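Beneath this line is the structure, given in structure tokens, with notes to follow.
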Amino acid sequence: MGTEQLPPFQSAAVTPARPAGQDTTDRVVIRWLSERADAFWTLVTGRPVSLYAVAVLRIGYGLLYLAFLLREFPHRNEIWGPGSPWTPELAQQLFEQSGWNSILTLSGSRAYFEFCYAAAVVTSVLFTLGWRTRITSVLFAVVVVSFHARAIFMTDGGDNLILLMALYLVFTACGRRWSLDACRTRRAVARAGTAPPRPSKSFWARQLNDVRVTLTTAVHNCGLFVIAVQVCLLYGAAGLYKVQGVSWGGGTAIHYVLNLDLFQPWPALSHLVDQYPTAIAVASYVTVLLQVAFPFVLFGRLKYPVLAMLLGMHIGIAVLMGLPLFSGAMIVADAAFLPDGFYMLLSRSARRMAARVGLRRHSSSARPGSRAVPPQLRGGRSTAGQQIASGEGRPASADNDKLVPDPR
């Protein structure tokens with residue numbers, strides 16, 4: 001019996017074999033997730049999107065704030081200056097609770113305030129023109145925050161929206177189109193095309209440059225996404241609040257607004273419109289419908305008639321209620337949802353019209369390369385073989401927006 005062999009030991013817990021079909025399904029799911037992740041990464045870092053749209057935002061909000069400062073110029077001392085009833089001491093007490101701050105409260109001198117006001121006007125002009133946008137966008141945000149916080153009880157919804165957009169535009173490449181920076185870049189690229197090639201950068205310098213391009217592109221796209229979400233939340237929240245109101249549900253809200261003395265810049269016009277109750281009821285319902293539906297129509301062609309109707313609504317608010325700053329801020333915000341192809345079509349139409357009336361030479365007479373900028377590739381070399389090593393300007397190409405220099 002001692003020579004008998006025992007049977008081999010078998011574990012009680014035997015791992016069952018996985019079916020081949022399940023392994024295939026897992027690989028398909030992993031491949032799908034990997035493709036979606038790659039597509040998302042390419043969308044975020046591949047190229048800066050909607051460069052013309054953010055240029056319109058820069059020009060629009062710069063002009064609006066410039067017009068606002070010029071309009072309030074006769075009353076600047078009573079609103080923000082030393083002669084304001086809301087003294088710097090009261091403003092500082094509010095800052096301790098709200099966390100705001102303002103450069104206008106650093107000194108109570110009238111000369112200092114006048115200097116700050118003049119600097120705000122100059123900053124708005126330079127921001128609108130797109131001069132050194134990397135710097136002027138930050139200065140413009142500081143100006144808007146300072147004036148907003150100094151007299152916060154004098155602000156309305158339009159001021160709040162301009163404040164938010166000024167902060168968001170700091171993170172976008174809002175100076176690559178329709179700006180002095182873009183003009184300087186075109187001239188630099190034209191000169192680079194005829195200059196002898198420079199020595200190539202080192203490997204680590206090219207890698208560092210690629211990282212910078214990827215980072216600035218991602219920040220721009222994320223900033224534009226935040227702007228879009230902000231506008232969608234604004235419209236959606238306004239529409240949902242209106243749905244809860246009895247006057248909007250009954251179609252009489254606009255009737256009551258037209259009879260408020262505070263919102264009657266032209267009383268005769270308000271009373272004239274108020275004589276059509278059916279039209280007022282329809283306008284009330286359409287207003288609520290547009291605001292609630294706005295976030296859901298952005299990914300189809302239905303957004304174009306919706307944006308057109310919103311444009312008419314804001315023009316009506318500006319005329320009938322005397323709120324041009326608020327309406328202008330909303331119209332400019334809506335412009336962020338129009339594609340770059342629309343703005344390029346407008347630009348070409350404007351150039352053809354200018355050439356037709358003799359204000360501008362026809363494009364065929366322009367120097368080669370004066371308008372079309374060759375796309376730049378990663379690694380610091382352009383397709384013309386010329387390296388744009390540094391500088392404030394950057395090439396602007398409709399075919400390739402992934403550029404090596406400064407994102408603005």
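Chain identifiers are assigned as A, B, and so on, following the order in which chains appear in the structure tokens; residues are numbered from 1 within each chain, and ligands are numbered from 1 in order of appearance.
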
If you take only C-alpha atoms and a cut-off of 7 Å, which residues of region 56-152 of chain A touch region 160-168 of chain A, and what are their nearest atom pairs and distances in Å to one decimal, in chain and number order, as JSON lines?
```
{"residue": "A:Tyr61", "atom": "CA", "partner": "A:Ile162", "partner_atom": "CA", "distance": 6.7}
{"residue": "A:Phe140", "atom": "CA", "partner": "A:Ala166", "partner_atom": "CA", "distance": 6.9}
{"residue": "A:Ala141", "atom": "CA", "partner": "A:Ala166", "partner_atom": "CA", "distance": 5.1}
{"residue": "A:Val144", "atom": "CA", "partner": "A:Leu163", "partner_atom": "CA", "distance": 6.0}
{"residue": "A:Val145", "atom": "CA", "partner": "A:Leu163", "partner_atom": "CA", "distance": 6.4}
```

Keeping only N, CA, C and O atoms, write the selected residues to a file as a PDB file, in the first residue's frame.
```
ATOM      1  N   TYR A  61     -18.000  93.759 -27.221  1.00  0.00           N
ATOM      2  CA  TYR A  61     -17.970  94.188 -25.825  1.00  0.00           C
ATOM      3  C   TYR A  61     -17.015  95.358 -25.612  1.00  0.00           C
ATOM      4  O   TYR A  61     -17.248  96.192 -24.735  1.00  0.00           O
ATOM      5  N   PHE A 140      -8.479  95.074 -19.792  1.00  0.00           N
ATOM      6  CA  PHE A 140      -9.906  95.339 -19.977  1.00  0.00           C
ATOM      7  C   PHE A 140     -10.732  94.654 -18.891  1.00  0.00           C
ATOM      8  O   PHE A 140     -11.688  95.240 -18.360  1.00  0.00           O
ATOM      9  N   ALA A 141     -10.373  93.433 -18.538  1.00  0.00           N
ATOM     10  CA  ALA A 141     -11.080  92.747 -17.463  1.00  0.00           C
ATOM     11  C   ALA A 141     -10.908  93.475 -16.133  1.00  0.00           C
ATOM     12  O   ALA A 141     -11.863  93.604 -15.349  1.00  0.00           O
ATOM     13  N   VAL A 144     -13.207  96.586 -16.216  1.00  0.00           N
ATOM     14  CA  VAL A 144     -14.634  96.266 -16.051  1.00  0.00           C
ATOM     15  C   VAL A 144     -14.922  95.862 -14.613  1.00  0.00           C
ATOM     16  O   VAL A 144     -15.921  96.306 -14.015  1.00  0.00           O
ATOM     17  N   VAL A 145     -14.070  95.042 -14.027  1.00  0.00           N
ATOM     18  CA  VAL A 145     -14.283  94.616 -12.635  1.00  0.00           C
ATOM     19  C   VAL A 145     -14.201  95.814 -11.693  1.00  0.00           C
ATOM     20  O   VAL A 145     -15.021  95.957 -10.763  1.00  0.00           O
TER      21      VAL A 145
END
```

Interatomic distance (Å, one decimal) between CA of Ala55 (chain A) and CA of Arg176 (chain A):
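Value for the CA of Ala55 (chain A)-CA of Arg176 (chain A) distance: 7.4 Å.
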
Leaving out region 114-123 of chain A and any residue of its chain fewer than 4 positions from it, which residues lie within 10 Å of it when counting only C-alpha atoms, given as an MDAnalysis selection string?
chainID A and resid 62 65:70 73 76:77 80:81 103:104 109:110 127:129 131 135:144 146:147

Output file for the residues above (C-alpha atoms, as a PDB file, in the first residue's frame):
```
ATOM      1  CA  GLY A  62     -15.093  96.603 -26.316  1.00  0.00           C
ATOM      2  CA  TYR A  65     -18.041  99.418 -22.793  1.00  0.00           C
ATOM      3  CA  LEU A  66     -16.395 102.292 -24.630  1.00  0.00           C
ATOM      4  CA  ALA A  67     -19.824 103.724 -25.480  1.00  0.00           C
ATOM      5  CA  PHE A  68     -20.870 103.210 -21.854  1.00  0.00           C
ATOM      6  CA  LEU A  69     -17.864 105.134 -20.522  1.00  0.00           C
ATOM      7  CA  LEU A  70     -18.375 107.969 -23.003  1.00  0.00           C
ATOM      8  CA  PHE A  73     -18.560 110.858 -18.920  1.00  0.00           C
ATOM      9  CA  ARG A  76     -18.470 110.027 -13.913  1.00  0.00           C
ATOM     10  CA  ASN A  77     -17.642 111.849 -10.671  1.00  0.00           C
ATOM     11  CA  TRP A  80     -17.497 106.379  -9.500  1.00  0.00           C
ATOM     12  CA  GLY A  81     -15.469 109.405  -8.412  1.00  0.00           C
ATOM     13  CA  ILE A 103      -8.456 100.082  -8.396  1.00  0.00           C
ATOM     14  CA  LEU A 104     -10.644 103.201  -8.078  1.00  0.00           C
ATOM     15  CA  SER A 109      -7.751 111.983  -5.275  1.00  0.00           C
ATOM     16  CA  ARG A 110      -9.721 113.511  -8.126  1.00  0.00           C
ATOM     17  CA  PHE A 127      -9.011  96.025 -26.746  1.00  0.00           C
ATOM     18  CA  THR A 128     -11.557  96.707 -29.481  1.00  0.00           C
ATOM     19  CA  LEU A 129      -8.804  97.189 -32.065  1.00  0.00           C
ATOM     20  CA  TRP A 131      -3.630  95.624 -30.093  1.00  0.00           C
ATOM     21  CA  ILE A 135      -2.124  92.246 -22.319  1.00  0.00           C
ATOM     22  CA  THR A 136      -5.104  94.439 -23.183  1.00  0.00           C
ATOM     23  CA  SER A 137      -7.603  91.638 -22.540  1.00  0.00           C
ATOM     24  CA  VAL A 138      -6.337  91.387 -18.959  1.00  0.00           C
ATOM     25  CA  LEU A 139      -6.373  95.176 -18.557  1.00  0.00           C
ATOM     26  CA  PHE A 140      -9.906  95.339 -19.977  1.00  0.00           C
ATOM     27  CA  ALA A 141     -11.080  92.747 -17.463  1.00  0.00           C
ATOM     28  CA  VAL A 142      -9.475  94.730 -14.631  1.00  0.00           C
ATOM     29  CA  VAL A 143     -11.201  97.906 -15.840  1.00  0.00           C
ATOM     30  CA  VAL A 144     -14.634  96.266 -16.051  1.00  0.00           C
ATOM     31  CA  SER A 146     -13.075  97.849 -11.019  1.00  0.00           C
ATOM     32  CA  PHE A 147     -15.861 100.060 -12.350  1.00  0.00           C
TER      33      PHE A 147
END
```

CA of His314 (chain A) and CA of Ser284 (chain A) are how many Å apart?
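Those two atoms sit 13.3 Å apart.
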
Suppose you want the space between CA of Cys222 (chain A) and CA of Thr155 (chain A); what is it in Å?
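These atoms are spaced 28.0 Å apart.
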
Show me, as a ChimeraX atom specification, the residues that have an atom within 10 Å of Gly108 (chain A) when counting only C-alpha atoms, minus same-chain residues fewer than 6 positions from it.
/A:81-83,87-89

Selection from above, N, CA, C and O atoms, as a PDB file, in the first residue's frame, can you write it?
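Output file selection_9.pdb follows:
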```pdb
ATOM      1  N   GLY A  81     -16.530 108.541  -8.906  1.00  0.00           N
ATOM      2  CA  GLY A  81     -15.469 109.405  -8.412  1.00  0.00           C
ATOM      3  C   GLY A  81     -15.593 109.792  -6.957  1.00  0.00           C
ATOM      4  O   GLY A  81     -16.459 109.288  -6.216  1.00  0.00           O
ATOM      5  N   PRO A  82     -14.776 110.739  -6.529  1.00  0.00           N
ATOM      6  CA  PRO A  82     -14.817 111.208  -5.139  1.00  0.00           C
ATOM      7  C   PRO A  82     -16.137 111.863  -4.775  1.00  0.00           C
ATOM      8  O   PRO A  82     -16.483 111.926  -3.587  1.00  0.00           O
ATOM      9  N   GLY A  83     -16.883 112.375  -5.767  1.00  0.00           N
ATOM     10  CA  GLY A  83     -18.164 113.014  -5.470  1.00  0.00           C
ATOM     11  C   GLY A  83     -19.323 112.066  -5.378  1.00  0.00           C
ATOM     12  O   GLY A  83     -20.473 112.503  -5.258  1.00  0.00           O
ATOM     13  N   THR A  87     -19.282 106.323  -1.001  1.00  0.00           N
ATOM     14  CA  THR A  87     -17.888 106.714  -0.791  1.00  0.00           C
ATOM     15  C   THR A  87     -16.961 105.500  -0.866  1.00  0.00           C
ATOM     16  O   THR A  87     -17.406 104.347  -0.722  1.00  0.00           O
ATOM     17  N   PRO A  88     -15.659 105.734  -1.070  1.00  0.00           N
ATOM     18  CA  PRO A  88     -14.712 104.617  -1.064  1.00  0.00           C
ATOM     19  C   PRO A  88     -14.708 103.836   0.245  1.00  0.00           C
ATOM     20  O   PRO A  88     -14.456 102.627   0.243  1.00  0.00           O
ATOM     21  N   GLU A  89     -14.984 104.504   1.350  1.00  0.00           N
ATOM     22  CA  GLU A  89     -15.027 103.791   2.628  1.00  0.00           C
ATOM     23  C   GLU A  89     -16.181 102.791   2.657  1.00  0.00           C
ATOM     24  O   GLU A  89     -16.026 101.649   3.111  1.00  0.00           O
TER      25      GLU A  89
END
```

For Ala308 (chain A), list every protein, DNA or RNA residue within 12 Å, evaluated using only C-alpha atoms, and leave out those in the same chain fewer than 2 positions away; present the list as a JSON list (two decimals) with C-alpha atoms, in the first residue's frame.
```json
[["chain", "number", "residue", "atom", "x", "y", "z"],
["A", 290, "LEU", "CA", -37.35, 80.91, -27.39],
["A", 294, "PHE", "CA", -32.46, 77.93, -26.90],
["A", 301, "ARG", "CA", -30.09, 74.49, -38.35],
["A", 302, "LEU", "CA", -33.04, 75.50, -36.22],
["A", 303, "LYS", "CA", -30.69, 77.75, -34.25],
["A", 304, "TYR", "CA", -30.54, 80.27, -37.11],
["A", 305, "PRO", "CA", -34.24, 81.28, -37.05],
["A", 306, "VAL", "CA", -34.10, 81.19, -33.24],
["A", 310, "LEU", "CA", -33.84, 86.65, -30.45],
["A", 311, "LEU", "CA", -32.19, 89.50, -32.34],
["A", 312, "GLY", "CA", -35.59, 91.04, -32.99],
["A", 313, "MET", "CA", -36.57, 90.55, -29.34],
["A", 314, "HIS", "CA", -33.46, 92.34, -28.07],
["A", 315, "ILE", "CA", -33.91, 95.20, -30.52],
["A", 331, "ILE", "CA", -26.86, 90.37, -29.10],
["A", 334, "ASP", "CA", -25.62, 85.39, -29.33],
["A", 335, "ALA", "CA", -22.99, 86.03, -32.00],
["A", 337, "PHE", "CA", -23.05, 80.65, -31.79],
["A", 338, "LEU", "CA", -22.63, 81.61, -35.44]]
```

Minimum-distance residue to Arg47 (chain A), chosen among A:Ala218, A:Ala190, A:Val211, A:Ala91 (using only C-alpha atoms):
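Ranking A:Ala218, A:Ala190, A:Val211, A:Ala91 by distance to Arg47 (chain A), first place goes to A:Ala218.
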
Check the smallest atom-to-atom distance from each of A:Arg150, A:His271, A:Lys242, A:Arg177 to Tyr343 (chain A) using only C-alpha atoms, then report the winner.
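Ranking A:Arg150, A:His271, A:Lys242, A:Arg177 by distance to Tyr343 (chain A), first place goes to A:Arg177.
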
Determine the nearest neighbour of Val231 (chain A) from the options A:Gln207, A:Gln264, A:Leu215, A:Ala336, counting only C-alpha atoms.
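Result for the nearest residue to Val231 (chain A): A:Ala336.
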
Let's see if you can do this: from backbone DSSP, list all helix (DSSP H, G or I) residues in region 123-360 of chain A, as a ChimeraX atom specification.
/A:123-129,133-150,152-154,157-169,180-194,203-244,246-249,253-258,261-263,267-273,277-296,303-320,324-337,340-356

Return the single residue from A:Ile317, A:Ile227, A:Val213, A:Ile254 that is closest to Tyr276 (chain A), with distances computed using only C-alpha atoms.
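For Tyr276 (chain A), the nearest of the candidates is A:Ile254.
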